[in-house]
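Just upload_15.txt here, compact mmCIF, C-alpha atoms (C1' of nucleotides):
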```txt
# COMPACT_ATOMS: atom_id res chain seq x y z
CA MET A 1 24.50 -23.32 40.44
CA ALA A 2 22.89 -25.26 37.62
CA GLN A 3 24.54 -24.56 34.31
CA THR A 4 21.88 -23.63 31.74
CA ARG A 5 20.81 -26.34 29.38
CA ALA A 6 21.44 -26.06 25.64
CA PRO A 7 18.50 -24.30 23.92
CA ARG A 8 16.23 -26.58 21.95
CA ALA A 9 16.65 -26.71 18.20
CA ASP A 10 13.02 -26.03 17.29
CA ALA A 11 12.90 -23.12 19.70
CA VAL A 12 15.67 -21.35 17.81
CA ARG A 13 13.98 -22.16 14.52
CA ASN A 14 10.66 -20.81 15.72
CA ARG A 15 12.14 -17.62 17.05
CA LYS A 16 13.47 -16.85 13.61
CA LYS A 17 10.21 -17.77 11.91
CA ILE A 18 8.36 -15.48 14.28
CA LEU A 19 10.65 -12.53 13.68
CA ASP A 20 10.38 -12.97 9.92
CA ALA A 21 6.62 -13.25 10.05
CA ALA A 22 6.34 -10.25 12.34
CA ARG A 23 8.43 -8.09 10.04
CA GLU A 24 6.40 -9.18 7.07
CA GLN A 25 2.97 -8.84 8.63
CA ILE A 26 3.63 -5.49 10.24
CA THR A 27 5.11 -4.18 7.02
CA LEU A 28 2.02 -5.40 5.23
CA HIS A 29 -0.82 -4.51 7.56
CA GLY A 30 0.77 -1.86 9.71
CA PRO A 31 0.38 -1.70 13.46
CA ASP A 32 -2.99 -3.38 13.06
CA ALA A 33 -1.31 -6.70 12.42
CA GLY A 34 -2.69 -8.91 15.15
CA MET A 35 -0.69 -11.34 17.22
CA ASP A 36 -2.92 -14.09 15.90
CA GLU A 37 -2.12 -13.18 12.30
CA ILE A 38 1.59 -13.01 12.99
CA ALA A 39 1.46 -16.36 14.72
CA ALA A 40 -0.47 -17.87 11.82
CA ALA A 41 1.98 -16.43 9.29
CA ALA A 42 4.81 -17.97 11.26
CA GLY A 43 3.05 -21.33 11.37
CA VAL A 44 3.00 -21.24 15.14
CA ALA A 45 0.45 -20.94 17.92
CA VAL A 46 -0.06 -17.69 19.80
CA GLY A 47 1.31 -19.16 22.97
CA THR A 48 4.63 -19.92 21.31
CA LEU A 49 4.83 -16.36 20.19
CA TYR A 50 4.34 -15.16 23.74
CA ARG A 51 6.95 -17.56 25.02
CA HIS A 52 9.57 -15.82 22.89
CA PHE A 53 8.26 -12.28 23.23
CA PRO A 54 6.37 -11.61 26.47
CA THR A 55 4.50 -8.72 24.90
CA LYS A 56 3.69 -7.24 21.54
CA THR A 57 5.86 -4.27 22.37
CA ASP A 58 8.81 -6.59 22.83
CA LEU A 59 8.19 -8.20 19.48
CA VAL A 60 8.02 -4.90 17.67
CA ALA A 61 11.13 -3.71 19.47
CA ALA A 62 12.98 -6.79 18.26
CA VAL A 63 11.98 -6.12 14.67
CA ILE A 64 13.16 -2.54 14.98
CA ALA A 65 16.45 -3.65 16.42
CA GLU A 66 17.01 -5.76 13.32
CA TYR A 67 16.31 -2.75 11.17
CA THR A 68 18.56 -0.39 13.08
CA THR A 69 21.40 -2.87 12.88
CA HIS A 70 20.83 -3.12 9.17
CA VAL A 71 21.16 0.63 8.78
CA ALA A 72 24.32 0.73 10.84
CA GLU A 73 25.90 -1.96 8.71
CA ALA A 74 24.96 -0.15 5.52
CA ALA A 75 26.62 3.01 6.81
CA GLU A 76 29.79 1.23 7.78
CA ALA A 77 29.95 -0.60 4.48
CA ALA A 78 29.66 2.74 2.69
CA ARG A 79 32.50 4.20 4.69
CA GLU A 80 34.75 1.25 4.01
CA ARG A 81 34.04 1.59 0.33
CA LEU A 82 35.71 4.99 0.47
CA ALA A 83 39.03 3.17 0.65
CA THR A 84 38.36 1.76 -2.80
CA GLY A 85 38.40 5.26 -4.21
CA SER A 86 34.69 5.98 -4.58
CA ARG A 87 33.43 9.51 -3.95
CA ALA A 88 31.80 10.22 -0.62
CA VAL A 89 28.79 11.96 -2.18
CA ASP A 90 28.02 8.93 -4.25
CA GLU A 91 28.27 6.70 -1.23
CA ILE A 92 25.99 8.95 0.78
CA SER A 93 23.53 9.08 -2.07
CA ASP A 94 23.63 5.33 -2.39
CA PHE A 95 23.26 4.92 1.35
CA LEU A 96 20.23 7.18 1.44
CA ALA A 97 18.67 5.30 -1.44
CA ARG A 98 19.14 1.95 0.27
CA VAL A 99 17.93 3.14 3.62
CA THR A 100 14.93 4.87 2.11
CA GLU A 101 14.05 1.59 0.51
CA ALA A 102 14.49 -0.33 3.72
CA THR A 103 12.59 2.28 5.67
CA ALA A 104 9.72 1.93 3.26
CA THR A 105 9.24 -1.60 4.44
CA ASN A 106 9.75 -0.60 8.03
CA HIS A 107 7.71 2.53 8.30
CA ALA A 108 4.80 0.59 9.62
CA VAL A 109 7.08 -0.89 12.21
CA LYS A 110 8.03 2.49 13.55
CA ALA A 111 4.41 3.50 13.60
CA ALA A 112 3.67 0.41 15.61
CA ALA A 113 6.48 1.29 17.95
CA ARG A 114 5.02 4.72 18.55
CA ALA A 115 1.59 3.32 19.05
CA LEU A 116 2.99 1.05 21.70
CA GLY A 117 5.29 3.53 23.33
CA ALA A 118 8.33 1.37 22.66
CA ASP A 119 11.72 2.98 22.60
CA PRO A 120 12.75 2.58 18.97
CA VAL A 121 16.36 3.27 19.72
CA ASP A 122 19.31 0.94 19.72
CA ARG A 123 22.05 3.09 21.25
CA ASP A 124 24.86 0.91 20.03
CA ALA A 125 23.80 0.59 16.41
CA GLU A 126 22.92 4.26 16.36
CA ALA A 127 26.40 5.20 17.51
CA ARG A 128 28.04 3.03 14.88
CA ALA A 129 25.90 4.50 12.11
CA GLY A 130 26.61 7.99 13.38
CA ALA A 131 30.35 7.50 13.34
CA ALA A 132 30.35 6.08 9.84
CA LEU A 133 28.10 8.85 8.55
CA ALA A 134 30.22 11.54 10.12
CA ALA A 135 33.24 10.18 8.30
CA LEU A 136 31.35 10.09 5.02
CA ILE A 137 30.14 13.64 5.37
CA GLN A 138 33.55 14.93 6.26
CA ALA A 139 35.05 13.22 3.23
CA GLY A 140 32.36 14.69 1.04
CA GLN A 141 33.00 18.15 2.38
CA ALA A 142 36.73 17.72 1.80
CA ASP A 143 35.91 16.87 -1.81
CA GLY A 144 33.88 20.06 -2.01
CA ASP A 145 30.78 18.09 -2.93
CA ILE A 146 28.79 18.60 0.24
CA HIS A 147 27.70 21.83 1.89
CA GLN A 148 29.86 22.81 4.83
CA ASP A 149 26.95 23.14 7.23
CA VAL A 150 25.61 19.63 6.74
CA THR A 151 25.67 17.42 9.81
CA VAL A 152 24.81 13.86 10.73
CA ASP A 153 21.62 15.13 12.32
CA ASP A 154 20.60 16.50 8.95
CA ILE A 155 20.87 13.07 7.44
CA TYR A 156 18.79 11.60 10.22
CA LEU A 157 16.26 14.38 9.90
CA LEU A 158 15.88 13.73 6.22
CA PHE A 159 15.58 10.02 6.06
CA THR A 160 13.34 9.74 9.06
CA THR A 161 10.96 11.75 6.93
CA ALA A 162 11.49 9.76 3.76
CA PRO A 163 8.25 9.16 1.86
CA THR A 164 7.82 5.51 2.63
CA ASP A 165 4.33 4.88 1.38
CA GLN A 166 4.84 6.52 -1.98
CA PRO A 167 5.55 4.63 -5.21
CA PRO A 168 9.21 4.07 -6.15
CA ALA A 169 9.19 6.87 -8.71
CA ALA A 170 8.14 9.36 -6.06
CA ARG A 171 10.77 8.07 -3.67
CA ALA A 172 13.43 8.51 -6.33
CA ARG A 173 12.27 12.04 -7.02
CA TRP A 174 12.29 12.83 -3.33
CA LEU A 175 15.85 11.60 -3.04
CA SER A 176 16.87 13.77 -5.95
CA LEU A 177 15.31 16.87 -4.42
CA VAL A 178 16.85 16.22 -1.06
CA LEU A 179 20.30 15.52 -2.41
CA THR A 180 20.26 18.83 -4.18
CA GLY A 181 19.81 20.40 -0.79
CA LEU A 182 22.81 18.62 0.65
CA THR A 183 25.30 18.91 -2.17
CA THR A 184 26.86 21.74 -4.05
CA HIS A 185 25.73 20.18 -7.31
CA THR A 186 22.82 20.99 -9.56
CA ARG A 187 20.22 18.41 -10.43
CA THR A 188 20.30 16.01 -13.42
CA GLY A 189 21.30 12.41 -13.16
CA GLY A 190 25.05 12.83 -13.53
CA GLY A 191 26.88 15.46 -11.54
CA GLU A 192 27.52 18.76 -13.21
CA ALA A 193 29.24 21.56 -11.41
CA GLY A 194 26.62 23.98 -10.16
CA SER A 195 26.27 27.71 -10.54
CA MET B 1 -41.42 17.51 -0.09
CA ALA B 2 -41.09 18.42 3.50
CA GLN B 3 -39.05 21.55 3.81
CA THR B 4 -36.43 20.96 6.45
CA ARG B 5 -36.97 22.71 9.70
CA ALA B 6 -34.50 25.28 10.93
CA PRO B 7 -31.70 23.54 12.82
CA ARG B 8 -31.77 24.00 16.54
CA ALA B 9 -29.45 26.58 18.01
CA ASP B 10 -27.76 24.32 20.55
CA ALA B 11 -27.21 21.68 17.88
CA VAL B 12 -25.12 24.05 15.82
CA ARG B 13 -23.24 25.16 18.91
CA ASN B 14 -22.49 21.58 19.89
CA ARG B 15 -21.31 20.59 16.47
CA LYS B 16 -18.69 23.29 16.61
CA LYS B 17 -17.65 22.38 20.13
CA ILE B 18 -17.26 18.77 19.06
CA LEU B 19 -15.11 19.60 16.05
CA ASP B 20 -12.86 21.80 18.15
CA ALA B 21 -12.51 19.21 20.86
CA ALA B 22 -11.83 16.48 18.31
CA ARG B 23 -9.07 18.46 16.64
CA GLU B 24 -7.52 19.25 19.98
CA GLN B 25 -7.73 15.78 21.46
CA ILE B 26 -6.52 13.96 18.37
CA THR B 27 -3.66 16.41 18.02
CA LEU B 28 -2.82 15.80 21.63
CA HIS B 29 -3.27 12.07 22.08
CA GLY B 30 -3.07 10.86 18.52
CA PRO B 31 -5.40 8.28 17.06
CA ASP B 32 -5.76 6.83 20.53
CA ALA B 33 -8.02 9.68 21.53
CA GLY B 34 -11.20 7.97 22.57
CA MET B 35 -14.68 9.06 21.67
CA ASP B 36 -15.41 9.37 25.35
CA GLU B 37 -12.47 11.70 25.87
CA ILE B 38 -13.44 13.83 22.90
CA ALA B 39 -17.00 14.02 24.15
CA ALA B 40 -15.81 14.97 27.61
CA ALA B 41 -13.50 17.63 26.22
CA ALA B 42 -16.42 19.05 24.28
CA GLY B 43 -18.60 19.06 27.37
CA VAL B 44 -21.06 16.75 25.70
CA ALA B 45 -22.27 13.17 26.06
CA VAL B 46 -21.10 10.42 23.72
CA GLY B 47 -24.53 10.07 22.21
CA THR B 48 -24.51 13.68 21.08
CA LEU B 49 -21.23 13.11 19.40
CA TYR B 50 -22.69 10.19 17.47
CA ARG B 51 -25.72 12.20 16.46
CA HIS B 52 -23.47 14.63 14.60
CA PHE B 53 -20.92 12.12 13.35
CA PRO B 54 -22.28 8.61 12.84
CA THR B 55 -18.85 7.10 13.18
CA LYS B 56 -15.39 7.97 14.38
CA THR B 57 -14.17 7.81 10.82
CA ASP B 58 -16.64 10.52 9.89
CA LEU B 59 -15.45 12.70 12.73
CA VAL B 60 -11.83 12.37 11.74
CA ALA B 61 -12.71 13.00 8.12
CA ALA B 62 -14.43 16.22 9.14
CA VAL B 63 -11.35 17.39 11.02
CA ILE B 64 -9.18 16.62 8.01
CA ALA B 65 -11.53 18.51 5.74
CA GLU B 66 -11.02 21.57 7.92
CA TYR B 67 -7.28 21.17 7.60
CA THR B 68 -7.29 20.68 3.85
CA THR B 69 -9.41 23.76 3.41
CA HIS B 70 -6.99 25.66 5.56
CA VAL B 71 -4.09 24.64 3.33
CA ALA B 72 -5.97 25.62 0.20
CA GLU B 73 -6.72 29.03 1.61
CA ALA B 74 -3.10 29.54 2.59
CA ALA B 75 -2.00 28.72 -0.94
CA GLU B 76 -4.49 31.08 -2.50
CA ALA B 77 -3.58 33.86 -0.10
CA ALA B 78 0.06 33.41 -1.05
CA ARG B 79 -0.74 33.68 -4.74
CA GLU B 80 -2.78 36.80 -4.25
CA ARG B 81 0.05 38.35 -2.34
CA LEU B 82 2.12 38.15 -5.53
CA ALA B 83 0.14 41.09 -6.81
CA THR B 84 1.56 43.21 -4.01
CA GLY B 85 5.03 42.70 -5.45
CA SER B 86 6.42 40.00 -3.17
CA ARG B 87 8.75 37.38 -4.64
CA ALA B 88 7.29 33.97 -5.42
CA VAL B 89 10.13 32.09 -3.68
CA ASP B 90 9.49 33.93 -0.49
CA GLU B 91 5.81 33.19 -0.68
CA ILE B 92 6.44 29.52 -1.33
CA SER B 93 8.91 29.42 1.52
CA ASP B 94 6.42 31.11 3.78
CA PHE B 95 3.66 28.81 2.64
CA LEU B 96 5.75 25.72 3.36
CA ALA B 97 6.63 27.06 6.77
CA ARG B 98 3.01 27.69 7.66
CA VAL B 99 1.77 24.40 6.35
CA THR B 100 4.55 22.50 8.04
CA GLU B 101 3.47 24.11 11.24
CA ALA B 102 -0.16 23.30 10.71
CA THR B 103 0.68 19.78 9.65
CA ALA B 104 2.58 19.32 12.85
CA THR B 105 -0.63 19.73 14.76
CA ASN B 106 -2.49 17.55 12.31
CA HIS B 107 -0.09 14.72 11.78
CA ALA B 108 -1.91 12.67 14.32
CA VAL B 109 -5.10 13.34 12.46
CA LYS B 110 -3.74 11.86 9.27
CA ALA B 111 -2.43 8.91 11.18
CA ALA B 112 -5.88 8.42 12.58
CA ALA B 113 -7.30 8.66 9.10
CA ARG B 114 -4.99 5.92 7.86
CA ALA B 115 -5.77 3.78 10.83
CA LEU B 116 -9.44 4.10 10.01
CA GLY B 117 -9.13 3.77 6.28
CA ALA B 118 -10.74 7.14 5.71
CA ASP B 119 -10.10 8.93 2.47
CA PRO B 120 -8.10 11.95 3.56
CA VAL B 121 -8.73 13.78 0.34
CA ASP B 122 -10.92 16.76 -0.35
CA ARG B 123 -10.88 16.92 -4.14
CA ASP B 124 -12.12 20.46 -4.30
CA ALA B 125 -9.73 21.98 -1.81
CA GLU B 126 -6.91 19.99 -3.32
CA ALA B 127 -7.66 21.39 -6.74
CA ARG B 128 -7.72 24.94 -5.44
CA ALA B 129 -4.41 24.51 -3.64
CA GLY B 130 -2.89 22.92 -6.73
CA ALA B 131 -3.87 25.78 -8.97
CA ALA B 132 -2.51 28.39 -6.60
CA LEU B 133 0.72 26.51 -6.11
CA ALA B 134 1.23 26.04 -9.83
CA ALA B 135 0.96 29.79 -10.31
CA LEU B 136 3.44 30.41 -7.51
CA ILE B 137 5.96 27.98 -8.91
CA GLN B 138 5.66 29.37 -12.39
CA ALA B 139 6.24 32.87 -11.09
CA GLY B 140 9.25 31.71 -9.15
CA GLN B 141 10.70 30.05 -12.19
CA ALA B 142 10.14 33.20 -14.22
CA ASP B 143 12.11 35.06 -11.57
CA GLY B 144 14.88 32.53 -11.98
CA ASP B 145 14.65 31.61 -8.31
CA ILE B 146 13.21 28.14 -8.65
CA HIS B 147 14.59 25.17 -10.54
CA GLN B 148 12.92 24.59 -13.88
CA ASP B 149 12.04 20.98 -13.13
CA VAL B 150 10.11 21.67 -9.93
CA THR B 151 6.42 20.76 -10.04
CA VAL B 152 3.41 20.97 -7.78
CA ASP B 153 3.79 17.29 -7.02
CA ASP B 154 7.24 18.02 -5.65
CA ILE B 155 5.78 20.42 -3.16
CA TYR B 156 3.19 17.88 -2.11
CA LEU B 157 5.84 15.20 -1.88
CA LEU B 158 7.93 17.35 0.38
CA PHE B 159 5.44 18.65 2.85
CA THR B 160 3.58 15.39 3.20
CA THR B 161 6.89 14.18 4.57
CA ALA B 162 7.53 17.19 6.76
CA PRO B 163 8.95 16.26 10.17
CA THR B 164 5.91 16.92 12.25
CA ASP B 165 6.91 15.42 15.55
CA GLN B 166 10.28 17.11 15.73
CA PRO B 167 11.00 20.23 17.77
CA PRO B 168 10.61 23.60 16.03
CA ALA B 169 14.34 23.99 15.51
CA ALA B 170 14.51 20.73 13.61
CA ARG B 171 11.50 21.70 11.52
CA ALA B 172 13.17 24.97 10.61
CA ARG B 173 16.35 23.21 9.63
CA TRP B 174 14.40 20.76 7.53
CA LEU B 175 12.69 23.57 5.72
CA SER B 176 16.04 25.17 5.03
CA LEU B 177 17.50 21.97 3.61
CA VAL B 178 14.50 21.33 1.45
CA LEU B 179 14.30 24.85 0.11
CA THR B 180 17.87 24.58 -1.04
CA GLY B 181 16.76 21.67 -3.14
CA LEU B 182 13.98 23.65 -4.77
CA THR B 183 15.68 26.95 -5.40
CA THR B 184 18.72 28.07 -7.31
CA HIS B 185 20.01 29.80 -4.22
CA THR B 186 22.66 28.69 -1.80
CA ARG B 187 21.67 28.26 1.79
CA THR B 188 21.57 31.48 3.77
CA GLY B 189 21.41 31.90 7.50
CA GLY B 190 18.03 30.21 7.43
CA GLY B 191 18.50 27.23 9.71
CA GLU B 192 21.34 26.32 11.98
CA ALA B 193 22.68 22.81 12.19
CA GLY B 194 21.72 20.79 15.22
CA SER B 195 23.78 20.61 18.41
C1' DC C 1 15.24 -45.99 27.01
C1' DA C 2 13.84 -43.23 30.66
C1' DT C 3 13.55 -38.88 32.53
C1' DT C 4 12.73 -34.11 32.73
C1' DA C 5 12.77 -29.41 31.79
C1' DA C 6 11.92 -26.62 28.03
C1' DC C 7 8.76 -25.84 24.63
C1' DG C 8 4.27 -25.73 21.88
C1' DT C 9 -0.78 -25.53 21.82
C1' DG C 10 -5.19 -23.04 21.48
C1' DA C 11 -9.39 -22.29 23.90
C1' DA C 12 -10.74 -19.00 27.13
C1' DC C 13 -10.24 -14.69 29.62
C1' DC C 14 -10.62 -9.77 30.08
C1' DG C 15 -9.96 -4.87 29.43
C1' DT C 16 -10.66 -1.45 26.12
C1' DG C 17 -13.22 1.47 23.11
C1' DG C 18 -16.50 2.19 19.44
C1' DT C 19 -21.43 2.01 19.05
C1' DT C 20 -26.46 1.74 20.29
C1' DC C 21 -30.92 2.81 22.26
C1' DA C 22 -34.61 3.77 25.54
C1' DT C 23 -35.54 7.80 27.98
C1' DG C 24 -35.73 12.60 29.23
C1' DA C 25 -34.93 17.57 27.94
C1' DT C 26 -35.28 21.67 24.89
C1' DG C 27 -35.98 24.86 21.24
C1' DA C 28 -39.14 26.03 17.35
C1' DA C 29 -43.74 26.37 15.56
C1' DT C 30 -48.89 26.94 16.28
C1' DA D 1 -49.22 27.70 26.33
C1' DT D 2 -49.06 23.63 24.09
C1' DT D 3 -47.37 20.52 20.93
C1' DC D 4 -43.83 17.91 18.72
C1' DA D 5 -39.82 17.02 16.23
C1' DT D 6 -35.22 17.47 17.08
C1' DC D 7 -31.66 16.85 20.07
C1' DA D 8 -28.99 15.28 24.43
C1' DT D 9 -27.99 11.79 27.80
C1' DG D 10 -25.18 7.86 29.50
C1' DA D 11 -25.58 3.17 30.93
C1' DA D 12 -25.25 -0.94 28.53
C1' DC D 13 -23.80 -3.66 24.64
C1' DC D 14 -20.60 -6.02 21.81
C1' DA D 15 -16.67 -7.03 18.91
C1' DC D 16 -11.95 -7.11 18.81
C1' DG D 17 -7.29 -8.13 20.18
C1' DG D 18 -3.71 -8.70 23.56
C1' DT D 19 -2.74 -11.94 27.08
C1' DT D 20 -2.92 -16.14 30.04
C1' DC D 21 -2.82 -20.93 31.50
C1' DA D 22 -3.59 -25.91 32.08
C1' DC D 23 -2.24 -29.50 29.42
C1' DG D 24 0.05 -32.27 25.72
C1' DT D 25 4.80 -32.71 23.07
C1' DT D 26 9.45 -32.84 22.16
C1' DA D 27 14.30 -32.42 22.30
C1' DA D 28 18.28 -32.78 25.30
C1' DT D 29 20.77 -35.47 28.97
C1' DG D 30 22.23 -39.91 31.64
```

When written as structure tokens, how does the structure in this file appear?
Amino acid sequence: MAQTRAPRADAVRNRKKILDAAREQITLHGPDAGMDEIAAAAGVAVGTLYRHFPTKTDLVAAVIAEYTTHVAEAAEAARERLATGSRAVDEISDFLARVTEATATNHAVKAAARALGADPVDRDAEARAGAALAALIQAGQADGDIHQDVTVDDIYLLFTTAPTDQPPAARARWLSLVLTGLTTHTRTGGGEAGS
Amino acid sequence: MAQTRAPRADAVRNRKKILDAAREQITLHGPDAGMDEIAAAAGVAVGTLYRHFPTKTDLVAAVIAEYTTHVAEAAEAARERLATGSRAVDEISDFLARVTEATATNHAVKAAARALGADPVDRDAEARAGAALAALIQAGQADGDIHQDVTVDDIYLLFTTAPTDQPPAARARWLSLVLTGLTTHTRTGGGEAGS
DNA sequence: CATTAACGTGAACCGTGGTTCATGATGAAT
DNA sequence: ATTCATCATGAACCACGGTTCACGTTAATG
């Protein structure tokens, strides 16, 4: 049994360049981003691109995987920050803000995924994010800041519908509206006890 | 100044059949719905389709126009119902529910519009809907049911992000969460949390 | 340095889907 | 009934974009 050779240096480099370019181009031009354009943006020929990702669907799936992992890490970081004494609501709010931002740049990617019939799910990362979120919500409910009936699915439901193609001001407003629905607080920047 | 002849009977009939088929097919298969499929569904040849709508973009635009008009009419109907003594919050809630439903069947249409670069805006209908909504919100605020800072743009912001491809239960839950953010009320038995 | 397998290249291929156009059919007007 | 403009037909056309492949390059191994 031949032991596999060490991967070539430039191959690794190119793979990264391609992923970066793909993320950027798809974010920019939506699902319409052509393989040629992506290849050009990566400074690589089309063939190279197909060597690393046999099909466009595979490429898009890879980009999504990056994104999902990113979300999972954000959730876990938020949970760990609870140990430092921060309030769960604030962490959730912060998490939603970050993810909304990230999703804004990745909305097009999901659209592309749909258009290609790719499975935009990374079971593992999803599970990690879910666990962290559940902990955050529970903490928030214990604090009395978050409605008792709020679940992890609610969070998913909300930020999968985040307004990604709106200007930042609109996104901020959206977050404010949505948070009011999750928490026991009234609106206004700070956090006054509600009625 | 040639006075235009009376339009042929079958032409009018076909135009309607085409619009119906287009709405149905695009709703069903998304932006991928081909002109051939639409034509087939309408029981018409492709050429006929192109006689009525010079381009696919035009066809999609026409379907969207129908939808926008529909929304405007729903808003105006809701406002008029205020005269019968119904509460503004309830009407807004009802309006959002209806529109969310309708949007669910027309999400694909908007996606198609984006993909084609069509302007999905009907200034007139938009204005009518805006006026009606403003009246509804104001009434709701006068009742003390709706937060003082809520605007028409908020409503737009929310239901342009409505979860259209989720199952009905999820849509209901979403509506419940969002309404809590708009109103001064606590959540009632409106929507149950997911499994 | 020589060897070789992995890698990179880009012109060409091909299916798909929007669009056209020459031809035939049909409803309205005389 | 006859005329004619409007309308319908659908095979063919063409551009676009994902994908392939025969060939040149390059990094790893001895």

With chain A laid on chain B by least squares, using all C-alpha atoms in order, how large is the RMSD?
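RMSD over all C-alpha atoms: 3.3 Å.
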
At most 8 Å to chain C: residues in chain B, only C-alpha atoms (C1' of nucleotides), as a PyMOL selection string
chain B and resi 6+8-9+34-35+56

Pull C-alpha atoms from the residues just selected and write them as an mmCIF file, in the frame of the given file.
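What landed in out.cif:
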```
data_model
loop_
_atom_site.group_PDB
_atom_site.id
_atom_site.type_symbol
_atom_site.label_atom_id
_atom_site.label_comp_id
_atom_site.auth_asym_id
_atom_site.auth_seq_id
_atom_site.Cartn_x
_atom_site.Cartn_y
_atom_site.Cartn_z
ATOM 1 C CA ALA B 6 -34.500 25.280 10.930
ATOM 2 C CA ARG B 8 -31.770 24.000 16.540
ATOM 3 C CA ALA B 9 -29.450 26.580 18.010
ATOM 4 C CA GLY B 34 -11.200 7.970 22.570
ATOM 5 C CA MET B 35 -14.680 9.060 21.670
ATOM 6 C CA LYS B 56 -15.390 7.970 14.380
#
```

What residues in chain A lie within 7 Å of chain B, counting only C-alpha atoms, written as JSON, numbers by chain?
{"A": [149, 150, 151, 153, 161, 162, 163, 177, 178, 180, 181, 182]}

Counting all atoms listed in the file, which residues of chain B fall within 8 Å of chain D, and what is the closest atom pair for each with its distance in Å at one decimal, ordered by chain and rising number, as JSON lines?
```
{"residue": "B:Arg8", "atom": "CA", "partner": "D:DT6", "partner_atom": "C1'", "distance": 7.4}
{"residue": "B:Ala11", "atom": "CA", "partner": "D:DC7", "partner_atom": "C1'", "distance": 6.9}
{"residue": "B:Ala45", "atom": "CA", "partner": "D:DT9", "partner_atom": "C1'", "distance": 6.1}
{"residue": "B:Val46", "atom": "CA", "partner": "D:DG10", "partner_atom": "C1'", "distance": 7.5}
{"residue": "B:Gly47", "atom": "CA", "partner": "D:DT9", "partner_atom": "C1'", "distance": 6.8}
{"residue": "B:Thr48", "atom": "CA", "partner": "D:DA8", "partner_atom": "C1'", "distance": 5.8}
```

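As for atom CA of A:Ile38 and atom CA of B:His29, they are spaced 27.1 Å apart.
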
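The interatomic distance for the pair atom CA of B:Asp145 and atom CA of B:Leu96 works out to 15.8 Å.
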
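Between atom CA of B:His52 and atom CA of B:Glu37 lies a distance of 16.0 Å.
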
Counting all atoms listed in the file, select every polymer residue within 12 Å of (33.5, 7.8, -6.8) as defined in the file's coordinates, and provide the selection as a ChimeraX atom specification.
/A:78,81-94,139-140,143,145,190-191
